[in-house]
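Heads up, structure21.txt below (compact mmCIF, C-alpha atoms and all ligand atoms):
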```
# COMPACT_ATOMS: atom_id res chain seq x y z
CA MET A 65 85.46 119.15 138.12
CA LYS A 66 86.98 122.51 137.41
CA ASP A 67 90.70 122.87 136.63
CA GLY A 68 91.19 119.30 137.84
CA LYS A 69 89.65 120.04 141.23
CA PHE A 70 86.75 118.21 142.86
CA ILE A 71 83.97 120.74 143.51
CA THR A 72 81.56 120.35 146.43
CA LEU A 73 78.53 122.55 146.91
CA GLY A 74 77.63 122.97 150.60
CA ILE A 75 74.06 123.93 151.52
CA GLU A 76 73.16 125.17 155.03
CA SER A 77 69.70 126.24 156.24
CA SER A 78 69.37 124.81 159.77
CA CYS A 79 68.65 128.09 161.58
CA ASP A 80 68.48 131.69 160.38
CA GLU A 81 71.18 131.74 157.68
CA THR A 82 70.58 130.60 154.11
CA ALA A 83 74.10 129.74 153.02
CA ILE A 84 75.67 128.04 150.00
CA SER A 85 79.34 127.68 149.19
CA ALA A 86 81.52 126.02 146.57
CA VAL A 87 84.68 124.36 147.91
CA ALA A 88 87.51 122.78 145.88
CA ASP A 89 89.07 119.51 147.10
CA GLY A 90 87.41 119.90 150.50
CA ARG A 91 89.77 122.70 151.55
CA GLU A 92 89.67 125.72 149.26
CA ILE A 93 86.74 128.15 149.42
CA LEU A 94 85.69 129.31 145.94
CA SER A 95 82.57 131.13 147.15
CA ASN A 96 80.78 131.57 150.48
CA VAL A 97 77.37 133.24 150.22
CA ILE A 98 75.51 133.82 153.50
CA SER A 99 72.08 135.41 153.48
CA SER A 100 71.33 136.31 157.10
CA GLN A 101 67.84 136.79 158.50
CA ILE A 102 69.05 138.68 161.58
CA ALA A 103 67.28 141.89 160.58
CA ILE A 104 63.99 140.01 160.20
CA HIS A 105 64.10 138.14 163.53
CA THR A 106 65.47 141.09 165.55
CA ARG A 107 62.01 142.58 165.95
CA TYR A 108 60.82 139.37 167.63
CA GLY A 109 63.86 139.10 169.92
CA GLY A 110 64.82 135.67 168.55
CA VAL A 111 64.42 133.27 165.64
CA VAL A 112 60.79 132.51 164.73
CA PRO A 113 60.95 129.05 163.11
CA GLU A 114 58.04 129.49 160.67
CA ILE A 115 59.38 132.82 159.43
CA ALA A 116 62.90 131.37 159.09
CA SER A 117 61.65 128.53 156.96
CA ARG A 118 59.62 130.85 154.71
CA HIS A 119 62.64 133.09 154.11
CA HIS A 120 64.91 130.12 153.35
CA LEU A 121 62.43 129.12 150.68
CA GLU A 122 62.32 132.61 149.20
CA ASN A 123 66.11 133.10 149.24
CA ILE A 124 67.68 129.76 148.45
CA ASN A 125 67.57 129.86 144.64
CA GLY A 126 69.14 133.33 144.57
CA VAL A 127 71.83 132.25 147.06
CA LEU A 128 72.61 129.24 144.83
CA ASP A 129 72.98 131.41 141.71
CA GLN A 130 75.26 133.80 143.61
CA ALA A 131 77.40 130.96 145.01
CA LEU A 132 77.95 129.51 141.53
CA SER A 133 78.65 132.88 139.93
CA ASP A 134 81.06 134.02 142.73
CA ALA A 135 82.98 130.76 142.26
CA GLY A 136 83.04 131.22 138.46
CA ILE A 137 81.50 127.78 137.92
CA ARG A 138 78.34 126.22 136.50
CA LEU A 139 76.20 123.55 138.09
CA SER A 140 77.69 121.07 135.62
CA ASP A 141 81.14 121.64 137.21
CA VAL A 142 79.86 120.43 140.62
CA ASP A 143 80.88 116.90 141.67
CA LEU A 144 79.01 116.60 144.95
CA ILE A 145 76.11 118.29 146.75
CA GLY A 146 76.42 118.32 150.54
CA VAL A 147 73.59 119.52 152.75
CA THR A 148 72.93 119.92 156.48
CA ASN A 149 70.23 117.36 157.26
CA GLY A 150 70.16 118.01 161.02
CA PRO A 151 70.16 118.97 163.80
CA GLY A 152 68.25 122.25 163.55
CA LEU A 153 64.83 123.84 163.20
CA ILE A 154 63.05 121.15 161.25
CA GLY A 155 61.10 123.48 158.94
CA ALA A 156 64.37 125.24 158.12
CA VAL A 157 66.50 122.10 157.60
CA VAL A 158 63.84 120.70 155.26
CA ILE A 159 64.28 123.59 152.79
CA GLY A 160 67.99 122.89 152.32
CA VAL A 161 67.44 119.14 152.05
CA ALA A 162 64.60 119.51 149.52
CA THR A 163 66.74 121.90 147.45
CA ALA A 164 69.73 119.53 147.52
CA LYS A 165 67.58 116.55 146.54
CA ALA A 166 65.89 118.44 143.70
CA LEU A 167 69.30 119.53 142.34
CA SER A 168 70.67 116.01 142.62
CA PHE A 169 67.60 114.49 140.97
CA ALA A 170 67.67 116.98 138.09
CA THR A 171 71.41 116.75 137.39
CA GLY A 172 72.51 113.31 138.61
CA ILE A 173 75.16 114.91 140.86
CA PRO A 174 75.66 112.73 143.99
CA LEU A 175 74.10 113.91 147.22
CA ILE A 176 75.24 113.57 150.83
CA GLY A 177 73.71 114.65 154.16
CA VAL A 178 75.96 116.26 156.78
CA ASN A 179 75.53 116.64 160.53
CA HIS A 180 75.60 120.39 161.25
CA MET A 181 77.98 119.92 164.19
CA HIS A 182 80.42 117.96 162.03
CA GLY A 183 80.21 120.93 159.69
CA HIS A 184 81.24 123.33 162.47
CA VAL A 185 84.33 121.25 163.25
CA SER A 186 85.18 121.03 159.53
CA ALA A 187 85.37 124.84 159.25
CA ASN A 188 88.88 124.30 160.60
CA TYR A 189 89.94 122.26 157.54
CA LEU A 190 89.25 125.37 155.46
CA GLN A 191 91.17 127.69 157.75
CA TYR A 192 94.10 125.32 158.36
CA PRO A 193 95.03 123.37 155.20
CA ASP A 194 97.34 120.99 157.09
CA LEU A 195 95.00 120.10 159.95
CA GLU A 196 94.03 116.42 160.10
CA PRO A 197 92.32 114.31 162.77
CA PRO A 198 92.73 113.12 165.49
CA PHE A 199 92.23 116.13 167.74
CA LEU A 200 90.10 117.45 170.62
CA SER A 201 87.33 119.89 169.73
CA LEU A 202 85.23 122.32 171.76
CA ILE A 203 81.95 122.89 169.93
CA VAL A 204 80.01 125.87 171.25
CA SER A 205 76.94 127.09 169.36
CA GLY A 206 73.39 128.33 169.83
CA GLY A 207 72.06 124.78 170.10
CA HIS A 208 75.00 122.70 171.36
CA THR A 209 77.92 122.60 173.77
CA ASN A 210 80.19 119.60 173.36
CA LEU A 211 83.71 118.44 174.02
CA VAL A 212 84.45 115.80 171.39
CA TRP A 213 87.35 113.64 170.38
CA VAL A 214 87.51 113.75 166.58
CA SER A 215 89.17 110.46 165.65
CA ASP A 216 88.65 110.71 161.89
CA TYR A 217 87.05 113.03 159.32
CA ASP A 218 83.69 111.27 159.69
CA GLN A 219 83.98 109.98 163.24
CA CYS A 220 83.96 111.44 166.69
CA GLN A 221 83.28 110.52 170.28
CA VAL A 222 81.38 112.87 172.59
CA LEU A 223 83.30 113.36 175.87
CA GLY A 224 80.93 115.88 177.44
CA SER A 225 77.77 117.85 176.63
CA THR A 226 75.49 120.40 178.19
CA ARG A 227 72.77 118.92 180.37
CA ASP A 228 70.44 121.87 179.73
CA ASP A 229 71.05 125.15 177.85
CA ALA A 230 73.73 125.53 175.19
CA VAL A 231 76.31 128.31 175.70
CA GLY A 232 74.95 130.42 172.83
CA GLU A 233 71.46 129.99 174.21
CA ALA A 234 72.63 131.33 177.60
CA TYR A 235 74.20 134.36 175.87
CA ASP A 236 71.02 134.99 173.86
CA LYS A 237 68.71 134.66 176.89
CA VAL A 238 70.80 136.94 179.11
CA ALA A 239 71.16 139.52 176.32
CA ARG A 240 67.36 139.62 176.05
CA VAL A 241 66.95 140.03 179.82
CA VAL A 242 69.37 142.97 179.99
CA GLY A 243 67.92 144.56 176.85
CA LEU A 244 70.91 144.06 174.55
CA GLY A 245 68.72 142.36 171.93
CA TYR A 246 69.27 139.61 169.36
CA PRO A 247 71.60 137.95 168.50
CA GLY A 248 72.87 138.07 172.05
CA GLY A 249 76.35 136.57 171.70
CA PRO A 250 78.02 139.31 169.67
CA LYS A 251 76.22 142.03 171.69
CA VAL A 252 77.36 140.63 175.05
CA ASP A 253 80.87 140.12 173.62
CA LYS A 254 81.00 143.82 172.65
CA ALA A 255 79.40 145.21 175.84
CA ALA A 256 81.73 143.07 178.00
CA ARG A 257 84.82 144.74 176.53
CA ASP A 258 83.99 147.89 178.56
CA GLY A 259 83.05 146.01 181.72
CA ASP A 260 84.79 144.52 184.74
CA PRO A 261 84.57 140.69 184.72
CA GLU A 262 84.97 140.64 188.49
CA ALA A 263 82.32 143.26 189.28
CA ILE A 264 79.59 140.71 190.05
CA HIS A 265 80.16 137.15 191.19
CA PHE A 266 78.04 134.52 189.43
CA LYS A 267 78.45 130.90 190.48
CA ARG A 268 80.51 128.64 188.18
CA VAL A 269 78.79 125.28 187.68
CA TYR A 270 81.30 122.42 187.40
CA LEU A 271 78.98 119.47 188.22
CA GLU A 272 80.65 116.29 189.59
CA LYS A 273 84.41 116.06 190.01
CA ASP A 274 86.15 115.43 186.66
CA SER A 275 82.84 115.72 184.76
CA LEU A 276 83.18 117.05 181.22
CA ASP A 277 79.47 117.93 181.09
CA PHE A 278 78.13 121.46 181.35
CA SER A 279 75.09 123.20 182.85
CA PHE A 280 74.22 126.81 182.05
CA SER A 281 70.49 127.07 182.77
CA GLY A 282 70.97 128.29 186.35
CA LEU A 283 73.01 131.25 185.18
CA LYS A 284 70.05 133.02 183.60
CA THR A 285 68.21 132.77 186.93
CA GLN A 286 71.24 134.16 188.77
CA VAL A 287 71.33 137.11 186.37
CA LEU A 288 67.57 137.69 186.72
CA ASN A 289 67.83 137.57 190.52
CA TYR A 290 70.71 140.03 190.45
CA ILE A 291 68.77 142.46 188.24
CA ASN A 292 65.66 142.25 190.42
CA HIS A 293 67.73 142.74 193.57
CA GLU A 294 69.44 145.83 192.17
CA LYS A 295 66.16 147.29 190.92
CA MET A 296 64.51 146.77 194.32
CA ALA A 297 67.45 148.57 195.93
CA GLY A 298 66.94 151.44 193.46
CA ARG A 299 70.32 150.95 191.80
CA GLU A 300 71.03 151.28 188.07
CA ILE A 301 72.32 148.19 186.26
CA ASN A 302 75.80 148.61 184.84
CA VAL A 303 75.32 146.62 181.62
CA PRO A 304 79.01 146.31 180.64
CA ASP A 305 79.90 145.01 184.13
CA LEU A 306 76.98 142.60 184.05
CA ALA A 307 77.88 141.38 180.55
CA ALA A 308 81.55 140.94 181.47
CA SER A 309 80.79 139.12 184.74
CA PHE A 310 78.19 136.82 183.16
CA GLN A 311 80.56 136.03 180.29
CA GLN A 312 83.47 135.34 182.64
CA SER A 313 81.47 132.81 184.62
CA ILE A 314 80.78 130.89 181.41
CA LEU A 315 84.27 131.15 179.95
CA ASP A 316 86.02 129.98 183.12
CA VAL A 317 84.05 126.73 183.00
CA LEU A 318 84.52 126.24 179.24
CA VAL A 319 88.27 126.78 179.43
CA ASP A 320 88.78 124.66 182.58
CA LYS A 321 86.81 121.74 181.13
CA ALA A 322 88.54 121.96 177.75
CA MET A 323 91.91 121.80 179.57
CA LEU A 324 90.71 118.86 181.67
CA ALA A 325 89.62 117.01 178.52
CA ALA A 326 93.00 117.76 176.92
CA GLU A 327 94.72 116.33 179.97
CA PHE A 328 92.55 113.17 179.99
CA ARG A 329 93.10 112.56 176.27
CA LYS A 330 96.72 113.77 176.25
CA ALA A 331 95.69 116.08 173.41
CA ASP A 332 98.24 118.44 171.93
CA ARG A 333 95.72 120.15 169.63
CA LEU A 334 92.43 121.88 170.49
CA VAL A 335 90.03 122.91 167.72
CA MET A 336 87.34 125.55 168.34
CA ALA A 337 84.02 125.31 166.52
CA GLY A 338 80.54 126.91 166.44
CA GLY A 339 79.14 130.43 166.67
CA VAL A 340 80.38 131.13 170.21
CA ALA A 341 83.93 130.31 169.05
CA ALA A 342 83.76 133.79 167.45
CA ASN A 343 83.81 135.25 170.99
CA SER A 344 86.89 137.45 171.40
CA ARG A 345 87.40 136.78 175.11
CA LEU A 346 86.97 133.00 174.75
CA ARG A 347 89.58 132.97 171.99
CA LYS A 348 92.00 134.95 174.14
CA GLN A 349 91.45 132.90 177.28
CA LEU A 350 91.74 129.55 175.47
CA SER A 351 94.79 130.73 173.62
CA ASP A 352 96.52 131.67 176.93
CA ALA A 353 95.51 128.38 178.59
CA CYS A 354 96.73 126.34 175.60
CA ALA A 355 100.00 128.26 175.35
CA ALA A 356 100.73 127.54 179.03
CA ARG A 357 100.34 123.80 178.38
CA GLY A 358 102.03 123.52 174.98
CA ILE A 359 98.71 122.81 173.22
CA THR A 360 98.19 124.22 169.72
CA LEU A 361 94.89 126.09 169.43
CA TYR A 362 92.93 126.22 166.16
CA ALA A 363 90.35 129.02 165.89
CA PRO A 364 88.65 129.67 162.56
CA GLU A 365 88.01 133.28 161.59
CA PRO A 366 84.62 134.44 162.96
CA VAL A 367 82.76 134.14 159.62
CA LEU A 368 83.68 130.44 159.55
CA CYS A 369 82.61 129.94 163.20
CA THR A 370 78.98 130.99 162.65
CA ASP A 371 76.76 129.10 160.21
CA ASN A 372 78.02 128.92 156.62
CA GLY A 373 77.90 126.58 153.61
CA ALA A 374 81.68 126.17 153.27
CA MET A 375 81.97 124.13 156.46
CA ILE A 376 79.18 121.85 155.20
CA ALA A 377 80.96 121.40 151.85
CA SER A 378 84.21 120.43 153.58
CA ALA A 379 82.48 117.93 155.89
CA ALA A 380 80.53 116.53 152.90
CA TYR A 381 83.71 116.01 150.85
CA TYR A 382 85.45 113.93 153.51
CA LYS A 383 82.34 111.96 154.45
CA TYR A 384 81.68 111.15 150.77
CA LYS A 385 85.24 109.94 150.26
CA LYS A 386 84.83 107.47 153.15
CA GLN A 387 81.16 106.48 152.93
CA GLY A 388 79.93 107.25 149.40
CA PRO A 389 76.69 109.13 148.61
CA ASP A 390 73.24 109.10 150.17
CA ASP A 391 70.19 108.43 148.01
CA LEU A 392 67.10 110.53 147.43
CA HIS A 393 65.49 109.10 150.58
CA LEU A 394 67.76 111.41 152.60
CA ASP A 395 65.63 112.90 155.39
CA ALA A 396 65.78 116.02 157.58
CA TYR A 397 66.04 115.72 161.37
CA ALA A 398 65.51 118.20 164.21
CA ASN A 399 67.73 116.01 166.41
CA LEU A 400 70.70 114.20 164.93
CA PRO A 401 73.38 112.84 167.27
CA LEU A 402 77.04 113.37 166.44
O1 LIG B 501 76.85 128.09 165.25
P1 LIG B 501 75.83 129.15 165.19
O2 LIG B 501 75.95 130.21 164.13
O3 LIG B 501 74.40 128.52 165.05
C1 LIG B 501 74.06 127.34 165.69
O4 LIG B 501 74.41 126.26 165.17
O5 LIG B 501 73.45 127.47 166.79
O6 LIG B 501 75.81 129.82 166.63
C2 LIG B 501 74.97 130.86 166.93
C3 LIG B 501 75.21 131.24 168.38
C4 LIG B 501 74.21 132.27 168.89
O7 LIG B 501 73.74 131.85 170.15
C5 LIG B 501 75.04 133.53 168.99
O8 LIG B 501 74.58 134.41 169.99
C6 LIG B 501 76.42 132.96 169.32
O9 LIG B 501 76.52 131.81 168.52
N1 LIG B 501 77.51 133.89 168.99
C7 LIG B 501 78.35 134.40 169.91
C8 LIG B 501 79.20 135.29 169.22
N2 LIG B 501 78.87 135.28 167.90
C9 LIG B 501 77.83 134.41 167.78
N3 LIG B 501 78.43 134.19 171.23
C10 LIG B 501 79.38 134.86 171.92
N4 LIG B 501 80.23 135.75 171.34
C11 LIG B 501 80.19 135.98 170.01
N5 LIG B 501 81.03 136.86 169.44
ZN ZN B 502 75.61 126.29 163.74
```

Go ahead and render the structure in this file as structure tokens.
Amino acid sequence: MKDGKFITLGIESSCDETAISAVADGREILSNVISSQIAIHTRYGGVVPEIASRHHLENINGVLDQALSDAGIRLSDVDLIGVTNGPGLIGAVVIGVATAKALSFATGIPLIGVNHMHGHVSANYLQYPDLEPPFLSLIVSGGHTNLVWVSDYDQCQVLGSTRDDAVGEAYDKVARVVGLGYPGGPKVDKAARDGDPEAIHFKRVYLEKDSLDFSFSGLKTQVLNYINHEKMAGREINVPDLAASFQQSILDVLVDKAMLAAEFRKADRLVMAGGVAANSRLRKQLSDACAARGITLYAPEPVLCTDNGAMIASAAYYKYKKQGPDDLHLDAYANLPL
């Protein structure tokens, strides 16, 4: 406790960010330290799991010290340690979980494991102090694409998922193919601002009528075929047009399916979550679609969309209040369903 507030430490290491944050009463960010490995993985064109895990191990103690000092607290002020225990790169998740367990064992502070995707949704509780479930959420990240009905802080029902690639994965793959580099999402987002979204037509994949599932794997092939075709014809690739057209074919499907889910569930609130929720065009398009239907859109600021410890702390706080702590048998999982 500090100044009468319940302090949760949130630890996140499921991919290429080593992140720790202190959050008061599940809603107020006291510190949010994010040590990114982007510069390290850029030279390989993507995240190398072994290297990610090694860097988490090297960085995590320093990130912890910084998170405590930025918040102006000591470890003894912390009431709860929350940690991502899946899904993610297993060698990376393990570092956060081992750190959280060691801290809990040494201090007696209760420990709780958090599903990373629940964390993404919970970023909204930090941005919007009055937001409470139930609501509809669109979760779009490097590893997942889901439409979920969040019925309570610790409960949700998956309405639709990707059957193959996640949205962020599609962005990253296409960025690599056109030479924009890693991480692809922000680079495509930027390049697309100078391009014409209608310059090239890529097929939108809607699957069966009324399906809330997604499929993005064919899009990379369409882009590859387009590039090969243009090269064979001796034409230069217009990267901004390609980026904008590729992006538009994804966003049309995401927005249409989110609106369909809202209609099915009679939702009046839509909550964006995950790294791709930082996308400027997706935010604009969803905001227009929601405004036209009287739906309130919640979109956390970009730093809370991509991986961070604050979202894990918020999710941990609410889960702990409902379910109590985990014990030191807490395990790490590459796959962990919502
Ligand atoms: O949620 P996140 O940080 O990590 C996972 O849980 O996967 O999401 C990372 C993904 C990457 O694929 C990245 O390219 C994408 O989010 N991303 C974006 C943007 N910023 C990050 N995609 C599109 N536009 C962006 N501005
Ligand atoms: Zn994430």

Quiz item: To one decimal place, how far is CA of Met323 (chain A) from CA of Pro250 (chain A) in Å?
Solution: 24.4 Å

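Taking atom C2 of ligand LIG 501 (chain B) and CA of His180 (chain A) as endpoints, the distance between them is 11.9 Å.
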
Quiz item: Counting only C-alpha atoms, what is within 12 Å of region 272-286 of chain A, bar same-chain residues fewer than 5 positions away, as a count of residues only?
Solution: 58

Quiz prompt | Atom-to-atom span, CA of Gly298 (chain A) and CA of Asp253 (chain A), Å | solution =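 So the answer is 26.8 Å.
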
Do you have, as a tab-separated table, the list of residues of region 191-269 of chain A lying at most 10 Å from region 360-383 of chain A, each with its nearest atom pair and that distance in Å to one decimal, counting only C-alpha atoms and ordered by chain then number?
```
residue	atom	partner	partner_atom	distance
A:Gln191	CA	A:Pro364	CA	5.8
A:Tyr192	CA	A:Tyr362	CA	7.9
A:Leu195	CA	A:Tyr362	CA	9.0
A:Leu200	CA	A:Leu361	CA	10.0
A:Ser201	CA	A:Tyr362	CA	9.2
A:Ile203	CA	A:Cys369	CA	9.8
A:Val204	CA	A:Cys369	CA	9.4
A:Ser205	CA	A:Thr370	CA	8.0
A:Gly206	CA	A:Thr370	CA	9.5
A:Asp216	CA	A:Tyr382	CA	9.5
A:Tyr217	CA	A:Tyr382	CA	6.1
A:Asp218	CA	A:Lys383	CA	5.5
A:Gln219	CA	A:Lys383	CA	9.2
```

Quiz prompt | Residue nearest Ser344 (chain A) - candidates A:Ala398, A:Ala331, A:Leu190, A:Ala256, atoms counted: all atoms listed in the file | solution = A:Ala256

Exercise. Pick out the closest residue to Trp213 (chain A) from this set: A:Leu394, A:Gly136, A:Leu402, A:Leu167. Count only C-alpha atoms.
Key: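 For Trp213 (chain A), the nearest of the candidates is A:Leu402.
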
Quiz item: What's the 7 Å shell around region 146-155 of chain A, counting all atoms listed in the file, without same-chain residues fewer than 3 positions away, as number ranges by chain?
Solution: A: 72-76, 78-79, 113-114, 117, 158-161, 164, 175-180, 376-377, 380, 395-400

Quiz item: Using all atoms listed in the file, which of the listed residues (A:Asp332, A:His184, A:Ser351, A:Phe70) sits closest to ligand ZN 502 (chain B)?
Solution: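 Distance minimum relative to ligand ZN 502 (chain B) lands on A:His184.
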
For region 151-168 of chain A, what centre and edge lengths in Å (one decimal) does the axis-aligned box get once 8 Å is added on each side of all its listed atoms, as lines of an AutoDock Vina configuration file?
```
center_x = 65.9
center_y = 120.6
center_z = 153.1
size_x = 25.6
size_y = 25.2
size_z = 37.5
```

Give me, as CSV, each residue of region 115-233 of chain A that comes within 12 Å of region 82-89 of chain A, together with its shortest interatomic pair and the distance in Å at one decimal, counting all atoms listed in the file, with rows ordered by chain and rising residue number.
```
residue,atom,partner,partner_atom,distance
A:Ala116,CA,A:Thr82,CA,9.2
A:Ser117,CA,A:Thr82,CA,9.6
A:Arg118,CA,A:Thr82,CA,11.0
A:His119,CA,A:Thr82,CA,8.3
A:His120,CA,A:Thr82,CA,5.7
A:Leu121,CA,A:Thr82,CA,9.0
A:Glu122,CA,A:Thr82,CA,9.8
A:Asn123,CA,A:Thr82,CA,7.1
A:Ile124,CA,A:Thr82,CA,6.4
A:Asn125,CA,A:Ile84,CA,9.9
A:Gly126,CA,A:Ile84,CA,10.0
A:Val127,CA,A:Ile84,CA,6.4
A:Leu128,CA,A:Ile84,CA,6.1
A:Asp129,CA,A:Ile84,CA,9.3
A:Gln130,CA,A:Ile84,CA,8.6
A:Ala131,CA,A:Ser85,CA,5.7
A:Leu132,CA,A:Ala86,CA,7.1
A:Ser133,CA,A:Ala86,CA,10.0
A:Asp134,CA,A:Ala86,CA,8.9
A:Ala135,CA,A:Ala86,CA,6.6
A:Gly136,CA,A:Ala86,CA,9.8
A:Ile137,CA,A:Ala86,CA,8.8
A:Arg138,CA,A:Ala86,CA,10.6
A:Leu139,CA,A:Ala86,CA,10.3
A:Asp141,CA,A:Ala86,CA,10.3
A:Val142,CA,A:Ala86,CA,8.3
A:Asp143,CA,A:Ala88,CA,9.8
A:Leu144,CA,A:Ala86,CA,9.9
A:Ile145,CA,A:Ala86,CA,9.4
A:Gly146,CA,A:Ile84,CA,9.8
A:Val147,CA,A:Ile84,CA,9.2
A:Thr148,CA,A:Ala83,CA,10.5
A:Ala156,CA,A:Thr82,CA,9.1
A:Val157,CA,A:Thr82,CA,10.1
A:Ile159,CA,A:Thr82,CA,9.5
A:Gly160,CA,A:Thr82,CA,8.3
A:Thr163,CA,A:Ile84,CA,11.1
A:Ala164,CA,A:Ile84,CA,10.7
A:Ala187,CA,A:Val87,CA,11.4
A:Tyr189,CA,A:Asp89,CA,10.8
A:Leu190,CA,A:Val87,CA,8.9
A:Pro193,CA,A:Asp89,CA,10.8
```

Self-check item: Pick from A:Ile115, A:Val340, A:Val252, A:Ile71, whichever lies nearest to ligand ZN 502 (chain B) using all atoms listed in the file
Solution: A:Val340

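Checking A:Met181, A:Leu346, A:Ile98, A:Ala263 one by one against ligand ZN 502 (chain B), counting all atoms listed in the file, you find the shortest gap at A:Met181.
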
Quiz item: Of the candidates A:Ala308, A:Leu288, A:Ala166, A:Ala337, which shows the shortest atom-to-atom distance to ligand ZN 502 (chain B), using only C-alpha atoms and all ligand atoms?
Solution: A:Ala337

Would you mind completing region 132-138 of chain A so that it carries all heavy atoms, and writing it out as a PDB file, in the frame of the given file?
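The file below, result29.pdb, is the result:
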```pdb
ATOM      1  N   LEU A 132      77.340 130.034 142.761  1.00  0.00           N
ATOM      2  CA  LEU A 132      77.950 129.510 141.530  1.00  0.00           C
ATOM      3  C   LEU A 132      78.681 130.633 140.807  1.00  0.00           C
ATOM      4  O   LEU A 132      79.826 130.477 140.370  1.00  0.00           O
ATOM      5  CB  LEU A 132      76.873 128.906 140.614  1.00  0.00           C
ATOM      6  CG  LEU A 132      76.183 127.626 141.127  1.00  0.00           C
ATOM      7  CD1 LEU A 132      75.011 127.242 140.228  1.00  0.00           C
ATOM      8  CD2 LEU A 132      77.173 126.462 141.216  1.00  0.00           C
ATOM      9  N   SER A 133      78.033 131.798 140.705  1.00  0.00           N
ATOM     10  CA  SER A 133      78.650 132.880 139.930  1.00  0.00           C
ATOM     11  C   SER A 133      79.897 133.435 140.647  1.00  0.00           C
ATOM     12  O   SER A 133      80.920 133.691 140.020  1.00  0.00           O
ATOM     13  CB  SER A 133      77.618 133.943 139.562  1.00  0.00           C
ATOM     14  OG  SER A 133      77.773 135.087 140.314  1.00  0.00           O
ATOM     15  N   ASP A 134      79.858 133.566 141.988  1.00  0.00           N
ATOM     16  CA  ASP A 134      81.060 134.020 142.730  1.00  0.00           C
ATOM     17  C   ASP A 134      82.230 133.065 142.525  1.00  0.00           C
ATOM     18  O   ASP A 134      83.395 133.475 142.506  1.00  0.00           O
ATOM     19  CB  ASP A 134      80.785 134.088 144.242  1.00  0.00           C
ATOM     20  CG  ASP A 134      79.951 135.302 144.627  1.00  0.00           C
ATOM     21  OD1 ASP A 134      79.551 136.063 143.728  1.00  0.00           O
ATOM     22  OD2 ASP A 134      79.680 135.475 145.838  1.00  0.00           O
ATOM     23  N   ALA A 135      81.912 131.768 142.406  1.00  0.00           N
ATOM     24  CA  ALA A 135      82.980 130.760 142.260  1.00  0.00           C
ATOM     25  C   ALA A 135      83.447 130.663 140.797  1.00  0.00           C
ATOM     26  O   ALA A 135      84.446 129.996 140.515  1.00  0.00           O
ATOM     27  CB  ALA A 135      82.481 129.406 142.740  1.00  0.00           C
ATOM     28  N   GLY A 136      82.695 131.297 139.896  1.00  0.00           N
ATOM     29  CA  GLY A 136      83.040 131.220 138.460  1.00  0.00           C
ATOM     30  C   GLY A 136      82.823 129.820 137.906  1.00  0.00           C
ATOM     31  O   GLY A 136      83.588 129.352 137.050  1.00  0.00           O
ATOM     32  N   ILE A 137      81.782 129.142 138.404  1.00  0.00           N
ATOM     33  CA  ILE A 137      81.500 127.780 137.920  1.00  0.00           C
ATOM     34  C   ILE A 137      80.045 127.668 137.486  1.00  0.00           C
ATOM     35  O   ILE A 137      79.233 128.553 137.763  1.00  0.00           O
ATOM     36  CB  ILE A 137      81.781 126.715 139.016  1.00  0.00           C
ATOM     37  CG1 ILE A 137      80.947 126.999 140.291  1.00  0.00           C
ATOM     38  CG2 ILE A 137      83.258 126.668 139.370  1.00  0.00           C
ATOM     39  CD1 ILE A 137      80.974 125.875 141.315  1.00  0.00           C
ATOM     40  N   ARG A 138      79.729 126.551 136.807  1.00  0.00           N
ATOM     41  CA  ARG A 138      78.340 126.220 136.500  1.00  0.00           C
ATOM     42  C   ARG A 138      77.964 124.983 137.292  1.00  0.00           C
ATOM     43  O   ARG A 138      78.844 124.266 137.775  1.00  0.00           O
ATOM     44  CB  ARG A 138      78.187 125.921 134.999  1.00  0.00           C
ATOM     45  CG  ARG A 138      78.300 127.146 134.114  1.00  0.00           C
ATOM     46  CD  ARG A 138      79.283 126.902 133.004  1.00  0.00           C
ATOM     47  NE  ARG A 138      78.724 126.317 131.785  1.00  0.00           N
ATOM     48  CZ  ARG A 138      78.197 127.025 130.792  1.00  0.00           C
ATOM     49  NH1 ARG A 138      78.043 128.311 130.894  1.00  0.00           N
ATOM     50  NH2 ARG A 138      77.815 126.436 129.693  1.00  0.00           N
TER      51      ARG A 138
END
```
